[in-house]
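Coordinates from start-v5.txt are shown below (compact mmCIF, C-alpha atoms).
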```txt
# COMPACT_ATOMS: atom_id res chain seq x y z
CA MET C 75 -3.31 16.95 -3.40
CA LYS C 76 -5.69 18.62 -0.91
CA ILE C 77 -5.32 21.97 -2.71
CA GLY C 78 -6.28 20.29 -5.96
CA ILE C 79 -9.35 18.69 -4.42
CA SER C 80 -10.46 21.97 -2.86
CA LEU C 81 -10.03 23.75 -6.18
CA LEU C 82 -12.03 21.08 -7.97
CA MET C 83 -14.87 21.44 -5.44
CA THR C 84 -14.88 25.23 -5.90
CA VAL C 85 -14.99 24.96 -9.65
CA ALA C 86 -17.67 22.28 -9.45
CA SER C 87 -19.89 24.55 -7.37
CA VAL C 88 -19.81 27.16 -10.15
CA TYR C 89 -19.64 24.94 -13.21
CA SER C 90 -21.23 21.77 -11.87
CA PHE C 91 -22.58 20.39 -15.12
CA PRO C 92 -19.36 20.58 -17.19
CA VAL C 93 -17.27 19.14 -14.35
CA VAL C 94 -19.68 16.26 -13.82
CA ALA C 95 -19.67 15.60 -17.55
CA GLN C 96 -15.86 15.59 -17.65
CA HIS C 97 -15.74 13.26 -14.65
CA LYS C 98 -18.10 10.83 -16.37
CA GLN C 99 -15.98 10.98 -19.52
CA ALA C 100 -12.80 10.27 -17.54
CA LYS C 101 -14.49 7.37 -15.74
CA ALA C 102 -15.74 5.97 -19.05
CA LYS C 103 -12.22 6.21 -20.49
CA THR C 104 -10.80 4.32 -17.50
CA LYS C 105 -13.37 1.60 -17.96
CA SER C 106 -12.61 1.34 -21.68
CA THR C 107 -8.86 0.96 -21.22
CA ALA C 108 -8.36 -0.91 -17.92
CA ALA C 109 -8.10 -4.65 -18.46
CA PHE C 110 -10.92 -5.58 -16.09
CA TYR C 111 -13.36 -3.65 -18.29
CA SER C 112 -11.81 -4.15 -21.72
CA GLY C 113 -10.53 -7.71 -21.29
CA LYS C 114 -7.38 -6.62 -23.13
CA TYR C 115 -3.87 -7.02 -21.72
CA ARG C 116 -1.08 -5.27 -23.58
CA ASN C 117 1.89 -7.30 -24.69
CA LEU C 118 4.67 -4.76 -24.15
CA LEU C 119 7.28 -7.30 -25.25
CA LEU C 120 5.55 -7.54 -28.61
CA GLU C 121 5.36 -3.74 -28.81
CA ALA C 122 9.09 -3.65 -28.07
CA GLY C 123 9.75 -5.63 -31.23
CA TYR C 124 9.99 -9.24 -30.07
CA SER C 125 7.99 -11.88 -31.92
CA LYS C 126 5.22 -13.95 -30.37
CA ALA C 127 7.35 -17.06 -30.75
CA GLU C 128 10.31 -15.41 -29.02
CA ILE C 129 8.10 -14.20 -26.18
CA GLU C 130 6.56 -17.63 -25.62
CA GLN C 131 10.03 -19.14 -25.57
CA LYS C 132 11.28 -16.51 -23.12
CA VAL C 133 8.42 -17.02 -20.64
CA ASN C 134 8.57 -20.81 -20.96
CA LYS C 135 12.33 -20.78 -20.39
CA ALA C 136 11.92 -18.62 -17.28
CA PHE C 137 9.29 -21.02 -15.90
CA TYR C 138 11.56 -23.98 -16.69
CA ASP C 139 14.53 -22.39 -14.95
CA VAL C 140 12.58 -21.55 -11.78
CA PHE C 141 10.36 -24.65 -11.55
CA GLU C 142 12.02 -27.46 -13.46
CA GLY C 143 15.68 -26.83 -14.28
CA PRO C 144 18.81 -27.90 -12.40
CA LYS C 145 18.77 -24.66 -10.37
CA ARG C 146 15.02 -24.81 -9.67
CA VAL C 147 13.35 -23.67 -6.44
CA TYR C 148 10.31 -25.97 -6.82
CA PHE C 149 10.63 -29.44 -5.28
CA GLU C 150 8.06 -32.22 -5.40
CA VAL C 151 7.33 -34.39 -2.37
CA ASN C 152 5.86 -37.77 -3.37
CA ASP C 153 3.14 -37.58 -6.03
CA SER C 154 0.78 -35.12 -4.41
CA MET C 155 2.75 -32.27 -2.82
CA ALA C 156 5.51 -29.77 -3.58
CA TYR C 157 7.12 -26.69 -2.09
CA VAL C 158 9.00 -23.60 -3.25
CA SER C 159 12.23 -22.92 -1.37
CA ASP C 160 14.31 -19.83 -0.73
CA VAL C 161 17.34 -21.98 -1.36
CA LYS C 162 19.91 -19.37 -0.30
CA ASN C 163 18.25 -19.11 3.13
CA HIS C 164 17.45 -22.84 3.37
CA ASP C 165 13.75 -22.45 4.08
CA ALA C 166 10.31 -22.44 2.48
CA ARG C 167 8.26 -19.28 2.95
CA THR C 168 4.62 -18.41 2.46
CA GLU C 169 5.93 -15.64 0.20
CA GLY C 170 7.42 -18.08 -2.31
CA LEU C 171 4.75 -20.75 -1.89
CA SER C 172 1.95 -18.30 -2.63
CA TYR C 173 3.96 -16.77 -5.50
CA GLY C 174 4.34 -20.26 -6.93
CA MET C 175 0.59 -20.78 -6.75
CA MET C 176 -0.10 -17.43 -8.44
CA ILE C 177 2.31 -18.26 -11.27
CA ALA C 178 0.73 -21.70 -11.65
CA VAL C 179 -2.85 -20.44 -11.87
CA GLN C 180 -1.86 -17.67 -14.29
CA LEU C 181 -0.06 -20.11 -16.59
CA ASN C 182 -2.79 -22.78 -16.18
CA LYS C 183 -0.57 -25.33 -14.46
CA LYS C 184 -3.12 -26.96 -12.16
CA ASP C 185 -0.92 -29.83 -11.03
CA VAL C 186 1.77 -27.45 -9.76
CA PHE C 187 -0.82 -25.28 -8.03
CA ASP C 188 -2.51 -28.20 -6.28
CA LYS C 189 0.76 -29.71 -5.08
CA ILE C 190 1.99 -26.46 -3.54
CA TRP C 191 -1.37 -25.83 -1.89
CA ARG C 192 -1.56 -29.32 -0.35
CA TRP C 193 1.96 -28.96 1.09
CA SER C 194 1.30 -25.45 2.42
CA LYS C 195 -1.98 -26.49 4.03
CA LYS C 196 -0.53 -29.65 5.57
CA TYR C 197 2.66 -28.21 7.01
CA LEU C 198 2.08 -24.50 7.55
CA GLN C 199 -1.62 -23.72 8.08
CA HIS C 200 -2.75 -23.56 11.70
CA GLN C 201 -5.80 -25.72 12.25
CA ASP C 202 -6.69 -24.50 15.72
CA GLY C 203 -5.83 -21.92 18.38
CA PRO C 204 -5.65 -18.12 18.01
CA ARG C 205 -3.82 -18.43 14.66
CA GLN C 206 -6.38 -20.83 13.13
CA GLY C 207 -6.54 -20.35 9.35
CA TYR C 208 -3.25 -18.43 9.20
CA PHE C 209 0.12 -19.86 8.13
CA ALA C 210 3.51 -20.14 9.79
CA TRP C 211 5.60 -17.99 7.48
CA SER C 212 8.85 -20.02 7.41
CA ILE C 213 9.84 -23.67 7.74
CA ASN C 214 12.93 -25.77 7.13
CA PRO C 215 11.72 -28.21 4.44
CA GLN C 216 14.38 -30.74 5.33
CA THR C 217 13.72 -31.02 9.07
CA MET C 218 10.10 -29.73 8.86
CA LYS C 219 10.85 -27.51 11.84
CA LYS C 220 9.03 -24.18 11.68
CA ASN C 221 11.27 -21.16 12.03
CA SER C 222 8.26 -19.17 13.19
CA GLU C 223 4.67 -19.93 14.09
CA GLY C 224 3.57 -16.42 13.17
CA SER C 225 2.39 -15.15 9.79
CA ALA C 226 3.70 -12.66 7.25
CA SER C 227 0.60 -10.93 5.94
CA ASP C 228 1.60 -10.94 2.27
CA GLY C 229 1.62 -14.74 2.18
CA GLU C 230 -2.05 -14.92 3.11
CA LEU C 231 -2.79 -12.07 0.68
CA TYR C 232 -1.39 -14.10 -2.21
CA PHE C 233 -2.85 -17.41 -1.02
CA ILE C 234 -6.37 -15.94 -0.94
CA THR C 235 -6.12 -14.23 -4.32
CA SER C 236 -4.59 -17.21 -6.09
CA LEU C 237 -7.24 -19.53 -4.61
CA LEU C 238 -10.02 -17.23 -5.84
CA PHE C 239 -8.45 -17.24 -9.28
CA ALA C 240 -8.13 -21.03 -9.18
CA SER C 241 -11.82 -21.29 -8.31
CA ASN C 242 -12.66 -19.10 -11.28
CA ARG C 243 -10.37 -20.98 -13.67
CA TRP C 244 -10.85 -24.61 -12.70
CA GLY C 245 -14.03 -24.69 -10.64
CA ASN C 246 -14.30 -26.38 -7.24
CA GLN C 247 -15.13 -29.95 -8.23
CA THR C 248 -11.71 -31.19 -9.33
CA GLY C 249 -10.26 -32.37 -6.03
CA ILE C 250 -9.85 -29.09 -4.16
CA ASN C 251 -12.62 -26.64 -3.33
CA TYR C 252 -10.52 -23.56 -3.98
CA TYR C 253 -13.26 -21.11 -3.08
CA ALA C 254 -13.88 -22.82 0.26
CA GLU C 255 -10.16 -22.72 1.03
CA ALA C 256 -9.98 -18.99 0.24
CA ARG C 257 -13.05 -18.33 2.38
CA ASN C 258 -11.57 -20.39 5.21
CA ILE C 259 -8.64 -17.98 5.43
CA LEU C 260 -10.82 -14.89 5.04
CA ASP C 261 -13.44 -16.05 7.52
CA ALA C 262 -10.71 -16.90 10.03
CA MET C 263 -9.19 -13.46 9.45
CA TRP C 264 -12.43 -11.73 10.38
CA LYS C 265 -12.64 -13.66 13.65
CA LYS C 266 -9.27 -12.39 14.89
CA ASP C 267 -9.99 -9.87 17.64
CA GLY C 268 -6.66 -9.73 19.44
CA THR C 269 -7.13 -12.96 21.37
CA GLY C 270 -3.68 -14.43 21.84
CA ASN C 271 -2.31 -11.16 20.44
CA VAL C 272 -3.44 -12.20 16.93
CA PHE C 273 -5.35 -9.79 14.69
CA ASN C 274 -6.88 -9.33 11.26
CA LEU C 275 -4.35 -9.35 8.40
CA ILE C 276 -5.60 -5.84 7.67
CA ASN C 277 -5.46 -3.19 10.36
CA THR C 278 -9.20 -2.51 10.39
CA GLU C 279 -8.82 1.02 11.81
CA HIS C 280 -6.37 2.15 9.13
CA LYS C 281 -7.64 -0.20 6.39
CA GLN C 282 -4.04 -1.12 5.57
CA ILE C 283 -2.35 -4.49 5.54
CA SER C 284 -0.24 -5.18 8.61
CA PHE C 285 3.41 -6.16 8.53
CA VAL C 286 2.41 -9.18 10.60
CA PRO C 287 -1.02 -9.74 12.17
CA GLU C 288 0.42 -10.17 15.64
CA GLY C 289 1.51 -7.87 18.46
CA ASN C 290 3.18 -4.63 17.50
CA GLY C 291 3.52 -5.79 13.89
CA TYR C 292 -0.21 -5.05 13.52
CA THR C 293 0.49 -1.33 13.95
CA TRP C 294 2.69 -0.75 10.88
CA THR C 295 3.08 -2.02 7.34
CA ASP C 296 5.29 -2.94 4.40
CA PRO C 297 4.74 -0.90 1.21
CA SER C 298 5.37 -3.96 -0.95
CA TYR C 299 2.37 -5.68 0.68
CA HIS C 300 0.08 -2.98 -0.71
CA LEU C 301 -1.70 -4.56 -3.66
CA PRO C 302 -4.85 -2.55 -4.35
CA ALA C 303 -5.61 -4.75 -7.36
CA PHE C 304 -5.92 -7.80 -5.09
CA TYR C 305 -8.44 -6.05 -2.84
CA GLU C 306 -10.50 -5.23 -5.93
CA VAL C 307 -10.42 -8.95 -6.77
CA TRP C 308 -11.60 -9.82 -3.26
CA ALA C 309 -14.46 -7.34 -3.58
CA LEU C 310 -15.49 -9.06 -6.81
CA TYR C 311 -15.10 -12.74 -5.99
CA ALA C 312 -14.76 -13.38 -2.24
CA LYS C 313 -18.47 -12.75 -1.64
CA ASP C 314 -18.00 -12.72 2.13
CA GLY C 315 -20.01 -9.59 2.90
CA HIS C 316 -16.98 -7.30 3.21
CA GLU C 317 -16.99 -5.99 -0.36
CA GLN C 318 -17.10 -2.30 0.52
CA PHE C 319 -14.32 -2.72 3.09
CA TYR C 320 -12.06 -4.29 0.44
CA LYS C 321 -12.83 -1.48 -2.01
CA ASP C 322 -11.96 1.03 0.71
CA CYS C 323 -8.69 -0.83 1.36
CA ALA C 324 -7.82 -0.61 -2.35
CA ASP C 325 -8.34 3.16 -2.34
CA THR C 326 -6.46 3.51 0.96
CA SER C 327 -3.49 1.58 -0.44
CA ARG C 328 -3.37 3.85 -3.46
CA ALA C 329 -3.35 6.91 -1.21
CA PHE C 330 -0.73 5.30 1.03
CA LEU C 331 1.61 4.69 -1.90
CA HIS C 332 1.40 8.39 -2.81
CA ARG C 333 2.81 9.16 0.63
CA ALA C 334 5.28 6.29 0.85
CA CYS C 335 7.06 6.94 -2.48
CA HIS C 336 9.61 9.76 -2.60
CA PRO C 337 8.39 12.79 -4.61
CA VAL C 338 11.60 12.93 -6.69
CA THR C 339 13.09 9.43 -6.87
CA GLY C 340 9.87 7.43 -6.47
CA LEU C 341 11.65 5.17 -3.98
CA ASN C 342 10.00 3.79 -0.84
CA THR C 343 11.44 2.16 2.25
CA ASP C 344 11.01 -1.53 3.04
CA TYR C 345 8.88 -0.79 6.10
CA ALA C 346 6.56 2.11 6.80
CA ASP C 347 4.09 3.52 9.26
CA PHE C 348 0.53 3.81 8.07
CA SER C 349 1.30 7.47 7.37
CA GLY C 350 3.80 6.36 4.71
CA ALA C 351 6.78 7.54 6.75
CA PRO C 352 9.70 5.08 7.13
CA HIS C 353 9.21 2.73 10.08
CA ALA C 354 12.26 2.40 12.26
CA THR C 355 13.26 -1.11 13.29
CA ARG C 356 15.92 -2.32 15.67
CA TRP C 357 17.48 -4.64 13.09
CA MET C 358 18.27 -2.25 10.21
CA PRO C 359 18.03 1.37 9.05
CA GLN C 360 15.18 1.92 6.61
CA ALA C 361 15.92 2.18 2.90
CA PHE C 362 14.81 0.91 -0.50
CA ARG C 363 15.93 -2.73 -0.36
CA TYR C 364 14.72 -6.20 -1.37
CA ASP C 365 11.07 -5.93 -0.27
CA SER C 366 10.82 -2.57 -2.00
CA TRP C 367 11.64 -3.99 -5.42
CA ARG C 368 8.08 -5.32 -5.63
CA VAL C 369 6.39 -1.93 -5.36
CA PRO C 370 6.87 -0.83 -9.02
CA MET C 371 5.40 -4.14 -10.20
CA ASN C 372 2.44 -3.89 -7.81
CA ILE C 373 1.63 -0.35 -8.96
CA ALA C 374 1.91 -1.40 -12.62
CA MET C 375 -0.50 -4.28 -11.97
CA ASP C 376 -3.09 -1.96 -10.46
CA TYR C 377 -2.68 0.44 -13.37
CA ALA C 378 -3.18 -2.28 -15.96
CA TRP C 379 -6.02 -4.12 -14.25
CA PHE C 380 -8.22 -1.36 -12.86
CA GLY C 381 -6.76 2.02 -13.89
CA LYS C 382 -8.29 3.99 -11.01
CA ASP C 383 -5.20 6.08 -10.21
CA LYS C 384 -3.67 6.52 -13.63
CA ALA C 385 -2.40 10.11 -13.44
CA TRP C 386 -0.35 9.54 -10.28
CA GLN C 387 0.84 6.11 -11.42
CA GLU C 388 2.07 7.47 -14.75
CA ASP C 389 3.95 10.23 -12.93
CA TYR C 390 5.41 7.67 -10.51
CA ALA C 391 6.65 5.55 -13.41
CA ASN C 392 8.33 8.57 -14.95
CA ARG C 393 10.03 9.52 -11.66
CA ILE C 394 11.43 6.12 -10.80
CA GLN C 395 12.57 5.50 -14.37
CA GLN C 396 14.36 8.83 -14.48
CA PHE C 397 16.08 8.05 -11.19
CA LEU C 398 17.22 4.57 -12.21
CA ARG C 399 18.37 5.87 -15.58
CA SER C 400 20.47 8.51 -13.77
CA LYS C 401 22.27 5.65 -11.98
CA GLY C 402 22.95 3.81 -15.23
CA ILE C 403 20.19 1.75 -16.78
CA SER C 404 22.51 -1.25 -17.14
CA SER C 405 24.26 -0.84 -13.81
CA PHE C 406 21.99 0.69 -11.12
CA ASP C 407 22.40 -0.84 -7.67
CA ASP C 408 19.68 -2.67 -5.76
CA GLN C 409 19.66 -0.69 -2.48
CA PHE C 410 19.22 3.06 -1.98
CA ASN C 411 18.25 5.61 0.59
CA GLN C 412 14.93 7.18 -0.36
CA ASP C 413 16.67 10.28 -1.69
CA GLY C 414 18.73 8.11 -4.03
CA THR C 415 22.01 8.14 -2.10
CA THR C 416 23.87 4.96 -1.24
CA PRO C 417 22.99 3.55 2.21
CA GLU C 418 25.76 2.96 4.72
CA TYR C 419 24.12 -0.27 5.85
CA ILE C 420 23.92 -2.94 3.13
CA LEU C 421 21.38 -5.68 3.76
CA GLN C 422 22.85 -9.13 3.31
CA ALA C 423 21.36 -11.70 0.91
CA GLY C 424 22.21 -15.24 1.97
CA ASP C 425 25.96 -15.32 2.56
CA TYR C 426 26.61 -12.20 0.45
CA LYS C 427 26.66 -8.58 1.58
CA LYS C 428 27.16 -6.54 -1.57
CA LEU C 429 25.37 -4.06 -3.79
CA ARG C 430 24.73 -5.45 -7.25
CA HIS C 431 22.62 -4.92 -10.38
CA SER C 432 19.96 -7.46 -9.43
CA ILE C 433 17.74 -9.09 -12.02
CA GLY C 434 14.74 -8.92 -9.67
CA LEU C 435 14.83 -5.12 -9.67
CA VAL C 436 15.69 -5.04 -13.38
CA GLY C 437 12.45 -6.97 -13.91
CA THR C 438 10.13 -4.96 -11.70
CA SER C 439 11.52 -1.65 -12.96
CA ALA C 440 10.77 -2.82 -16.50
CA THR C 441 7.11 -3.32 -15.61
CA THR C 442 6.82 0.45 -15.11
CA ALA C 443 6.76 0.68 -18.90
CA ILE C 444 3.16 -0.52 -18.63
CA MET C 445 2.34 2.87 -17.12
CA ASN C 446 4.14 5.24 -19.46
CA MET C 447 5.05 3.46 -22.70
CA ASN C 448 2.51 5.61 -24.58
CA LYS C 449 3.97 8.88 -23.30
CA ASP C 450 7.66 8.03 -23.01
CA LYS C 451 8.98 5.71 -25.69
CA THR C 452 12.32 5.52 -23.88
CA SER C 453 10.57 3.11 -21.49
CA ILE C 454 11.40 0.53 -24.11
CA ASP C 455 15.00 0.66 -22.86
CA PHE C 456 13.91 -0.90 -19.55
CA ILE C 457 12.11 -3.67 -21.43
CA HIS C 458 15.22 -4.43 -23.47
CA GLU C 459 17.30 -4.51 -20.28
CA LEU C 460 15.02 -7.18 -18.83
CA TRP C 461 14.95 -9.14 -22.08
CA ASN C 462 18.74 -9.21 -22.25
CA SER C 463 19.20 -10.15 -18.57
CA LYS C 464 20.04 -13.72 -17.73
CA LEU C 465 19.00 -15.70 -14.68
CA GLU C 466 22.43 -17.09 -13.92
CA PRO C 467 25.22 -16.78 -11.32
CA TYR C 468 27.23 -13.56 -11.03
CA ALA C 469 31.00 -13.54 -11.39
CA ASP C 470 31.44 -13.82 -7.61
CA GLY C 471 29.22 -16.92 -7.48
CA TYR C 472 26.10 -15.24 -6.09
CA PHE C 473 22.89 -16.65 -7.52
CA ASP C 474 19.29 -16.25 -6.37
CA PRO C 475 16.91 -18.33 -8.47
CA TYR C 476 14.27 -17.82 -5.77
CA TYR C 477 13.63 -14.10 -5.23
CA ASP C 478 15.38 -12.85 -8.36
CA GLY C 479 13.90 -15.74 -10.32
CA LEU C 480 10.32 -15.31 -9.18
CA LEU C 481 10.34 -11.53 -9.76
CA TYR C 482 11.99 -12.08 -13.15
CA LEU C 483 9.23 -14.51 -14.14
CA PHE C 484 6.46 -12.30 -12.74
CA SER C 485 7.84 -9.33 -14.70
CA LEU C 486 7.93 -11.24 -17.98
CA MET C 487 4.35 -12.37 -17.35
CA HIS C 488 3.18 -8.79 -16.73
CA LEU C 489 4.94 -7.40 -19.77
CA SER C 490 3.66 -10.16 -22.07
CA GLY C 491 0.06 -9.77 -20.89
CA LYS C 492 0.05 -13.18 -19.23
CA TYR C 493 -0.65 -11.93 -15.69
CA GLN C 494 -4.40 -11.38 -15.70
CA ILE C 495 -7.58 -11.08 -13.68
CA ILE C 496 -9.03 -14.57 -13.96
CA LYS C 497 -12.77 -14.22 -14.19
CA PRO C 498 -15.26 -17.07 -13.64
CA GLN C 499 -15.49 -19.38 -16.63
```
Show this structure as structure tokens.
Amino acid sequence: MKIGISLLMTVASVYSFPVVAQHKQAKAKTKSTAAFYSGKYRNLLLEAGYSKAEIEQKVNKAFYDVFEGPKRVYFEVNDSMAYVSDVKNHDARTEGLSYGMMIAVQLNKKDVFDKIWRWSKKYLQHQDGPRQGYFAWSINPQTMKKNSEGSASDGELYFITSLLFASNRWGNQTGINYYAEARNILDAMWKKDGTGNVFNLINTEHKQISFVPEGNGYTWTDPSYHLPAFYEVWALYAKDGHEQFYKDCADTSRAFLHRACHPVTGLNTDYADFSGAPHATRWMPQAFRYDSWRVPMNIAMDYAWFGKDKAWQEDYANRIQQFLRSKGISSFDDQFNQDGTTPEYILQAGDYKKLRHSIGLVGTSATTAIMNMNKDKTSIDFIHELWNSKLEPYADGYFDPYYDGLLYLFSLMHLSGKYQIIKPQ
């Protein structure tokens, strides 16, 4: 990467005009194709041969299964509140609550959005003390006992972005001032200076999101929390005076992902140092596991929305697709060492400790087609695999309508062009 930059600078010094002209042409092409500039979101499911009616039915069925069906993870509490539960772990998490809000605003389901937000604000958001504005990341929704007072930074990341989108879609005069709620979290974030061992969600020195904004967790990160597209949204719509910082964070996240993803397999570890190297923890050896599944989807989102790192992202898509195909496109496991070997330690999911072909990873791997469908038509195979997958129990009884279900729904939304930057009306 550095060699390439140095070479470009040398060439530019000799042939400055042609290089500048080419750069402007490349930038213009990015603006013409990225969804933020063009307003166009590809429907890869349609391109794969499915009809508009079939696609609508597929997305609606996925939403029904996750939010309304007999195995749903969305539960209403009286007429004004609701929560999303990780049913296999018997808790509600800011991860799932904020995902639920993002799905609701994308699919224009205001009632669902408002109910989840009211519940999250009432039961999880700290109203005073060093954590003011942040959320306890886990609670037992039956006993209402918090499993932790601390935050997981990705929850706030999704809360803020979904609230900004809600403000743009529905305005702030319909019962909830969404913009004010987003700014409340952001403004609180910028006041965190280490008092009580609580910090900014983003490590301000490294311009990378923290694993948790407390204690030692502020000094490392989780690759799946790196969503450069969300920072671009903050720079556009937060209007809190930190626009350039958010743009810098977006670029830093893109550079981080280059380092965090394996040069051959494309795999990353669940946790990482800011350098991109695996971060050792006392509770498990580092590998590509559940958190990591989200990384392909996050990179695909950034590619589709803003297109500022297209060459690397297209190469990444090719690498990870080739690796997963080598493991059997209909049978690849859901946990790997970064080099693609099978890890000795298998991370348990609920009461089950077993490698399986998980629908969550099937979904997020399919979203990589967004990045290379034009160049590699075999990407369509990953789309068909997702289409033919079913959100239902495995033969051994294992079923995860929460994490598998939410990633499955997110992936269908991305591939159908229904996951979009919501601009002000």
**Report entry** Residues within 10 Å of (11.6, -21.9, -14.0), counting all atoms listed in the file, listed as a PyMOL selection string
**Finding:** chain C and resi 133-148+465+475-476+479-480+482-483
Write to file, as a PDB file, in the coordinates of the input, the residues of the selection just made, with C-alpha atoms.
```pdb
ATOM      1  CA  VAL C 133       8.420 -17.020 -20.640  1.00  0.00           C
ATOM      2  CA  ASN C 134       8.570 -20.810 -20.960  1.00  0.00           C
ATOM      3  CA  LYS C 135      12.330 -20.780 -20.390  1.00  0.00           C
ATOM      4  CA  ALA C 136      11.920 -18.620 -17.280  1.00  0.00           C
ATOM      5  CA  PHE C 137       9.290 -21.020 -15.900  1.00  0.00           C
ATOM      6  CA  TYR C 138      11.560 -23.980 -16.690  1.00  0.00           C
ATOM      7  CA  ASP C 139      14.530 -22.390 -14.950  1.00  0.00           C
ATOM      8  CA  VAL C 140      12.580 -21.550 -11.780  1.00  0.00           C
ATOM      9  CA  PHE C 141      10.360 -24.650 -11.550  1.00  0.00           C
ATOM     10  CA  GLU C 142      12.020 -27.460 -13.460  1.00  0.00           C
ATOM     11  CA  GLY C 143      15.680 -26.830 -14.280  1.00  0.00           C
ATOM     12  CA  PRO C 144      18.810 -27.900 -12.400  1.00  0.00           C
ATOM     13  CA  LYS C 145      18.770 -24.660 -10.370  1.00  0.00           C
ATOM     14  CA  ARG C 146      15.020 -24.810  -9.670  1.00  0.00           C
ATOM     15  CA  VAL C 147      13.350 -23.670  -6.440  1.00  0.00           C
ATOM     16  CA  TYR C 148      10.310 -25.970  -6.820  1.00  0.00           C
ATOM     17  CA  LEU C 465      19.000 -15.700 -14.680  1.00  0.00           C
ATOM     18  CA  PRO C 475      16.910 -18.330  -8.470  1.00  0.00           C
ATOM     19  CA  TYR C 476      14.270 -17.820  -5.770  1.00  0.00           C
ATOM     20  CA  GLY C 479      13.900 -15.740 -10.320  1.00  0.00           C
ATOM     21  CA  LEU C 480      10.320 -15.310  -9.180  1.00  0.00           C
ATOM     22  CA  TYR C 482      11.990 -12.080 -13.150  1.00  0.00           C
ATOM     23  CA  LEU C 483       9.230 -14.510 -14.140  1.00  0.00           C
TER      24      LEU C 483
END
```
Query - Selection: 12 Å around Ala122 in chain C, all atoms listed in the file, excl. self and same-chain fewer than 5 positions, as number ranges by chain - result: C: 116-117, 128-129, 440, 443-444, 447-448, 451-461, 489-490
Query raised in the report: Which residues, written as a ChimeraX atom specification, have at least one atom at most 8 Å from range 409-415 of chain C, with all atoms listed in the file counted and residues fewer than 2 positions away on the same chain left out?
Result: /C:336,338-343,360-364,397,407,417,420,429
Report summary line: Separating CA of Met176 in chain C from CA of Glu255 in chain C, to the nearest tenth of an Å, is a gap of 14.8 Å
Query raised in the report: So which residues touch range 221-225 of chain C within 12 Å, counting all atoms listed in the file, skipping near sequence neighbours fewer than 2 positions away, as a VMD selection string?
Result: chain C and resid 163 to 169 197 to 200 203 to 215 217 to 219 227 to 231 263 270 to 275 284 to 289 291 to 292
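Among C:Leu301, C:Met445, C:Cys323, C:Ala354, the residue with the shortest atom-to-atom distance to Ala391 in chain C, counting all atoms listed in the file, is C:Met445.
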Query raised in the report: Quick one: of C:Arg333, C:His280, C:Lys497, C:Lys189, who's nearest to Phe319 in chain C, counting only C-alpha atoms?
Result: C:His280
Requested in this report: Could you please determine the separation between CA of Lys162 in chain C and CA of Asp478 in chain C in Å, to one decimal place?
Outcome: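 These atoms are spaced 11.3 Å apart.
Among the candidates C:Met175, C:Val186, C:Leu181, C:Leu398, the one nearest to Val151 in chain C when counting only C-alpha atoms is C:Val186.
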Requested in this report: Using all atoms listed in the file, find the one residue out of C:His300, C:Lys464, C:Lys266, C:Lys492 that sits nearest to Arg368 in chain C.
Outcome: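 Comparing C:His300, C:Lys464, C:Lys266, C:Lys492 against Arg368 in chain C, the winner is C:His300.
Separating CA of Trp367 in chain C from CA of Val436 in chain C is a distance of 9.0 Å.
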Query raised in the report: Which residue out of C:Ser349, C:Asp314, C:Asn258, C:Lys265 has the minimum interatomic distance to Gln282 in chain C when all atoms listed in the file are used?
Result: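 For Gln282 in chain C, the nearest of the given residues is C:Ser349.
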Report summary line: Residue with the minimum atom-to-atom distance to Thr107 in chain C, picked from C:Ile190, C:Ala378, C:Met358, C:Ala385 with only C-alpha atoms counted, is C:Ala378
